[in-house]
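File shown: target_28.txt (compact mmCIF, C-alpha atoms).
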# COMPACT_ATOMS: atom_id res chain seq x y z
CA MET A 268 227.49 150.85 180.65
CA THR A 269 225.81 153.10 183.21
CA ASN A 270 225.66 152.44 186.92
CA PRO A 271 222.39 154.03 188.10
CA LEU A 272 223.21 153.38 191.76
CA ALA A 273 226.83 154.58 191.69
CA ASP A 274 227.97 156.11 195.00
CA ARG A 275 224.85 154.85 196.81
CA ILE A 276 224.98 152.84 200.03
CA ALA A 277 222.57 149.89 200.22
CA LEU A 278 221.88 147.85 203.36
CA VAL A 279 220.41 144.41 202.64
CA THR A 280 219.30 142.06 205.43
CA GLY A 281 219.19 138.29 205.02
CA ALA A 282 221.91 138.73 202.40
CA SER A 283 223.60 135.35 202.80
CA ARG A 284 221.20 133.43 200.55
CA GLY A 285 218.02 133.47 198.49
CA ILE A 286 216.38 136.76 197.54
CA GLY A 287 218.65 138.78 199.83
CA PHE A 288 221.79 137.33 198.23
CA ALA A 289 220.46 137.92 194.72
CA THR A 290 219.26 141.45 195.51
CA ALA A 291 222.60 142.42 197.03
CA ARG A 292 224.38 141.20 193.90
CA ALA A 293 221.95 143.02 191.61
CA LEU A 294 222.28 146.28 193.54
CA ALA A 295 226.07 145.95 193.46
CA LYS A 296 225.98 145.40 189.69
CA ALA A 297 224.03 148.65 189.44
CA GLY A 298 226.85 150.42 191.26
CA ALA A 299 225.80 150.47 194.92
CA HIS A 300 228.15 149.65 197.78
CA ILE A 301 226.47 146.83 199.71
CA VAL A 302 226.22 146.60 203.47
CA ALA A 303 225.33 142.92 203.70
CA VAL A 304 223.73 141.73 206.94
CA ALA A 305 223.10 138.09 207.86
CA ARG A 306 223.73 135.55 210.60
CA THR A 307 225.80 133.28 208.37
CA GLN A 308 229.42 134.36 207.95
CA GLY A 309 230.09 131.77 205.23
CA GLY A 310 227.16 132.94 203.13
CA LEU A 311 228.28 136.54 203.46
CA GLU A 312 231.78 135.62 202.31
CA GLU A 313 230.34 133.84 199.27
CA LEU A 314 228.34 136.97 198.48
CA ASP A 315 231.44 139.13 198.84
CA ASP A 316 233.33 136.88 196.42
CA GLU A 317 230.54 137.16 193.82
CA ILE A 318 230.25 140.92 194.18
CA ARG A 319 234.00 141.42 193.86
CA LYS A 320 234.14 139.17 190.78
CA GLU A 321 231.62 141.50 189.18
CA GLY A 322 233.60 144.61 190.07
CA GLY A 323 231.49 145.69 193.06
CA SER A 324 232.19 146.25 196.73
CA ALA A 325 230.59 145.17 199.99
CA THR A 326 230.88 145.50 203.74
CA LEU A 327 229.97 142.30 205.58
CA VAL A 328 228.04 142.51 208.85
CA PRO A 329 227.50 139.17 210.62
CA LEU A 330 224.55 140.02 212.86
CA ASN A 331 221.54 138.29 214.32
CA LEU A 332 218.73 140.78 213.76
CA THR A 333 217.18 139.89 217.10
CA ASP A 334 220.14 141.81 218.57
CA SER A 335 218.48 145.23 218.70
CA ASP A 336 221.57 146.82 220.24
CA GLY A 337 223.58 145.40 217.36
CA ILE A 338 221.27 147.12 214.87
CA ALA A 339 221.74 150.38 216.77
CA ARG A 340 225.51 149.95 216.64
CA LEU A 341 225.28 149.29 212.91
CA GLY A 342 223.35 152.53 212.43
CA ALA A 343 225.96 154.44 214.42
CA GLY A 344 228.75 152.84 212.38
CA LEU A 345 227.10 153.77 209.09
CA HIS A 346 226.64 157.33 210.33
CA GLU A 347 230.29 157.59 211.27
CA ARG A 348 231.56 156.06 208.01
CA TYR A 349 229.13 157.40 205.40
CA GLY A 350 226.87 159.95 207.09
CA LYS A 351 223.89 158.55 205.19
CA LEU A 352 222.10 155.46 203.89
CA ASP A 353 220.50 155.49 200.46
CA ILE A 354 218.80 152.09 200.32
CA LEU A 355 217.34 149.71 202.90
CA VAL A 356 216.11 146.29 201.79
CA GLY A 357 214.41 144.51 204.71
CA ASN A 358 214.52 140.95 203.41
CA ALA A 359 215.46 138.77 206.38
CA GLY A 360 212.66 136.55 207.60
CA VAL A 361 211.90 133.17 209.14
CA LEU A 362 209.05 130.83 208.27
CA GLY A 363 208.63 128.91 211.50
CA PRO A 364 206.83 125.58 211.85
CA SER A 365 203.95 124.36 209.70
CA SER A 366 201.40 123.60 212.39
CA PRO A 367 197.88 124.47 213.62
CA VAL A 368 197.71 127.67 215.68
CA GLY A 369 196.94 125.87 218.92
CA HIS A 370 199.97 123.60 218.60
CA ILE A 371 202.54 126.39 218.31
CA GLU A 372 204.53 127.28 221.42
CA LEU A 373 204.46 130.91 222.58
CA LYS A 374 208.27 131.11 222.40
CA THR A 375 208.16 129.99 218.76
CA PHE A 376 205.58 132.67 217.95
CA ASN A 377 207.65 135.34 219.71
CA ASP A 378 210.83 134.24 217.94
CA ILE A 379 209.17 134.60 214.53
CA MET A 380 207.78 138.03 215.39
CA ALA A 381 211.20 139.09 216.66
CA VAL A 382 212.84 138.52 213.27
CA ASN A 383 210.01 139.37 210.91
CA VAL A 384 208.56 142.41 212.71
CA SER A 385 210.58 143.72 215.67
CA ALA A 386 213.89 143.63 213.80
CA ASN A 387 212.40 145.68 210.96
CA PHE A 388 210.92 148.11 213.51
CA GLN A 389 214.39 148.58 214.98
CA LEU A 390 215.89 148.98 211.51
CA ILE A 391 213.39 151.74 210.78
CA ARG A 392 214.18 153.49 214.07
CA CYS A 393 217.93 153.31 213.57
CA MET A 394 218.16 153.84 209.81
CA GLU A 395 215.52 156.53 209.25
CA PRO A 396 217.86 159.41 210.21
CA LEU A 397 220.46 158.06 207.76
CA LEU A 398 217.91 157.53 204.98
CA LYS A 399 216.76 161.12 205.47
CA GLN A 400 220.34 162.29 204.91
CA SER A 401 220.17 160.76 201.42
CA ASP A 402 218.88 162.87 198.54
CA ALA A 403 216.63 159.93 197.62
CA GLY A 404 216.32 157.39 200.44
CA ARG A 405 214.56 154.19 199.42
CA ALA A 406 213.24 151.37 201.65
CA VAL A 407 211.79 148.10 200.37
CA PHE A 408 210.45 145.38 202.66
CA ILE A 409 209.90 141.82 201.43
CA THR A 410 206.44 140.57 202.32
CA SER A 411 204.31 137.54 201.41
CA GLY A 412 200.89 136.70 200.05
CA ALA A 413 200.37 134.83 203.33
CA ALA A 414 199.74 138.21 204.97
CA ASN A 415 196.41 138.81 203.23
CA LYS A 416 195.48 135.19 202.56
CA ALA A 417 195.87 134.29 206.26
CA THR A 418 197.41 131.03 205.09
CA ALA A 419 196.56 128.04 207.28
CA TYR A 420 199.28 126.27 209.28
CA VAL A 421 201.78 129.14 209.02
CA SER A 422 199.85 131.57 211.20
CA PRO A 423 202.80 133.23 212.99
CA TYR A 424 204.52 133.86 209.65
CA ALA A 425 201.31 135.19 208.07
CA ALA A 426 200.61 137.41 211.10
CA SER A 427 204.17 138.73 211.11
CA LYS A 428 204.02 139.69 207.44
CA ALA A 429 200.66 141.41 207.94
CA ALA A 430 202.21 143.37 210.81
CA LEU A 431 205.24 144.24 208.67
CA GLU A 432 203.00 145.53 205.89
CA THR A 433 201.10 147.79 208.29
CA LEU A 434 204.33 149.04 209.85
CA ALA A 435 205.80 149.91 206.44
CA ARG A 436 202.61 151.58 205.26
CA ALA A 437 202.41 153.73 208.39
CA TRP A 438 206.04 154.74 207.92
CA ALA A 439 205.34 155.58 204.28
CA GLN A 440 202.52 157.90 205.36
CA GLU A 441 204.70 159.56 207.98
CA THR A 442 207.44 160.25 205.43
CA ALA A 443 205.24 161.02 202.41
CA ASN A 444 206.30 164.67 202.36
CA THR A 445 210.01 163.84 202.41
CA PRO A 446 212.30 162.46 199.69
CA LEU A 447 212.15 159.02 201.40
CA ARG A 448 210.07 156.38 199.58
CA VAL A 449 208.87 153.24 201.44
CA ASN A 450 207.35 150.25 199.66
CA LEU A 451 206.61 146.53 199.94
CA PHE A 452 207.54 143.75 197.53
CA ASN A 453 205.78 140.38 197.33
CA PRO A 454 207.92 137.85 195.43
CA GLY A 455 205.37 135.01 195.55
CA PRO A 456 206.62 131.42 195.13
CA VAL A 457 210.36 131.55 194.40
CA ARG A 458 213.10 128.92 194.24
CA THR A 459 214.44 129.42 197.78
CA ARG A 460 215.25 127.22 200.75
CA MET A 461 212.27 128.65 202.64
CA ARG A 462 209.89 127.67 199.84
CA ALA A 463 211.38 124.16 199.69
CA THR A 464 210.82 123.78 203.43
CA LEU A 465 207.18 124.80 203.09
CA MET A 466 206.48 122.81 199.91
CA PRO A 467 208.90 119.85 199.88
CA GLY A 468 207.05 118.04 197.06
CA GLU A 469 207.16 121.00 194.68
CA ASP A 470 209.42 120.89 191.62
CA PRO A 471 211.78 123.88 192.09
CA ALA A 472 212.34 124.02 188.34
CA THR A 473 208.78 125.32 187.98
CA LEU A 474 209.61 128.42 190.05
CA ASP A 475 211.41 131.63 189.15
CA THR A 476 214.84 132.14 190.67
CA PRO A 477 215.84 134.76 193.24
CA GLU A 478 217.96 136.39 190.52
CA GLN A 479 214.87 136.92 188.36
CA VAL A 480 213.00 138.44 191.29
CA ALA A 481 215.88 140.73 192.26
CA GLU A 482 215.80 142.47 188.88
CA PHE A 483 212.39 143.89 189.84
CA ILE A 484 213.52 145.04 193.30
CA VAL A 485 216.43 147.13 191.99
CA PRO A 486 214.26 149.77 190.24
CA MET A 487 212.36 150.34 193.51
CA CYS A 488 215.68 151.34 195.09
CA ALA A 489 216.64 153.89 192.45
CA PRO A 490 216.46 157.67 192.90
CA ASP A 491 213.96 157.98 190.05
CA TRP A 492 211.42 155.71 191.82
CA THR A 493 208.67 158.04 193.05
CA GLU A 494 205.93 155.80 194.47
CA THR A 495 205.55 155.29 198.22
CA GLY A 496 203.27 153.19 200.40
CA LYS A 497 202.69 150.75 197.53
CA PHE A 498 202.85 146.97 197.09
CA TYR A 499 204.65 145.41 194.13
CA ASP A 500 203.33 141.96 193.24
CA TYR A 501 205.99 140.06 191.32
CA LYS A 502 203.69 137.30 190.06
CA THR A 503 201.42 139.74 188.24
CA ARG A 504 204.19 142.31 187.62
CA SER A 505 201.95 145.02 189.02
CA LEU A 506 202.24 147.88 191.49
CA MET A 507 199.23 147.99 193.76
CA SER A 508 197.70 150.44 196.21
CA PHE A 509 196.26 149.26 199.52
CA ARG A 510 192.57 149.78 200.10
CA SER A 511 190.15 149.21 202.95
CA PRO A 512 188.18 145.94 202.96
CA ALA A 513 184.87 146.11 201.09
Could you render the structure from this file as structure tokens?
Amino acid sequence: MTNPLADRIALVTGASRGIGFATARALAKAGAHIVAVARTQGGLEELDDEIRKEGGSATLVPLNLTDSDGIARLGAGLHERYGKLDILVGNAGVLGPSSPVGHIELKTFNDIMAVNVSANFQLIRCMEPLLKQSDAGRAVFITSGAANKATAYVSPYAASKAALETLARAWAQETANTPLRVNLFNPGPVRTRMRATLMPGEDPATLDTPEQVAEFIVPMCAPDWTETGKFYDYKTRSLMSFRSPA
């Protein structure tokens, strides 16, 4: 059995549950050493147990991603220990309240942007030098259809994902002539806690699992993935290019 990601270092945010948890496990199965970042220590320990059962290895990093200095320290620690980073999966995100725009407090809006946008901006700043030390650095950010649909009643979340998409696309253009590849992944409706919060009446059995989704994220992290600045839509199983509005 081959391990296509053997000897590669993969940082996964929001790794304590849902898509992040499943992606970390899938990357570990493929041979990567996982740097698992999340706020929840217990969830990280559960992930570590699962990865070790399957013969993999992980480093656990309990960190609130709104701690920008903490992200900088993580980058410095990775530089000191490994001298590189091969894979960055920016998965961590918060949904926020389901409410009309005018009813949302400014602090709530800022808190959502801090996790969904500013934290990823800081990750890019601090991890880009390490990703460029890899022979095939790969970055994948988890987005949402809410970004282009401008979904009602979750406006801060939708706005934050639109901002994330633009940030990632700009970074992809800036690094297009390097070995680094930067892409976005839209999982669509998936059996996660976030989805259950948004759609409490929905039957979760009708949705795909995070484990099913993760199998499509792993190839985007591999050295033989060559596309950059693209958008993978899980629901349609298609890789899309961005284009200007008609």
I'd like the neighbourhood of A:Asp500 as a CSV table (one decimal) with C-alpha atoms, in the coordinates of the input, where a residue qualifies if any of its atoms comes within 9 Å (using all atoms listed in the file), though same-chain residues fewer than 4 positions away should be ignored.
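Result file selection_37.csv:
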chain,number,residue,atom,x,y,z
A,412,GLY,CA,200.9,136.7,200.0
A,451,LEU,CA,206.6,146.5,199.9
A,452,PHE,CA,207.5,143.8,197.5
A,453,ASN,CA,205.8,140.4,197.3
A,454,PRO,CA,207.9,137.8,195.4
A,455,GLY,CA,205.4,135.0,195.6
A,504,ARG,CA,204.2,142.3,187.6
A,505,SER,CA,202.0,145.0,189.0
A,506,LEU,CA,202.2,147.9,191.5
A,507,MET,CA,199.2,148.0,193.8
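Considering all atoms listed in the file, the residue among A:Asp334, A:Glu321, A:Glu478, A:Glu432 positioned nearest to A:Arg284 is A:Glu478.
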Please list, as a CSV table (one decimal) with C-alpha atoms, in the coordinates of the input, the residues that have an atom at most 10 Å away from (227.1, 153.9, 187.8) in the coordinates of this file, counting only C-alpha atoms.
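As written to disk, out.csv reads:
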chain,number,residue,atom,x,y,z
A,268,MET,CA,227.5,150.8,180.6
A,269,THR,CA,225.8,153.1,183.2
A,270,ASN,CA,225.7,152.4,186.9
A,271,PRO,CA,222.4,154.0,188.1
A,272,LEU,CA,223.2,153.4,191.8
A,273,ALA,CA,226.8,154.6,191.7
A,274,ASP,CA,228.0,156.1,195.0
A,275,ARG,CA,224.8,154.8,196.8
A,295,ALA,CA,226.1,146.0,193.5
A,296,LYS,CA,226.0,145.4,189.7
A,297,ALA,CA,224.0,148.6,189.4
A,298,GLY,CA,226.8,150.4,191.3
A,299,ALA,CA,225.8,150.5,194.9
Of the residues A:Ala293, A:Leu332, A:Ala339, A:Val279, which is the one nearest to A:Val480, using all atoms listed in the file?
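Going through A:Ala293, A:Leu332, A:Ala339, A:Val279 one by one, the smallest distance to A:Val480 is for A:Ala293.
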Measuring atom to atom with all atoms listed in the file, identify which of A:Glu347, A:Asp491, A:Asp353, A:Glu317 is nearest to A:Arg405.
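Closest candidate: A:Asp353.
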Spatial neighbours of stretch 357-368 of chain A, max dist 8 Å, all atoms listed in the file, sep filter under 5 positions, as number ranges by chain
A: 279-282, 286-287, 305, 375, 379, 382-383, 387, 406-409, 419-424, 461, 465
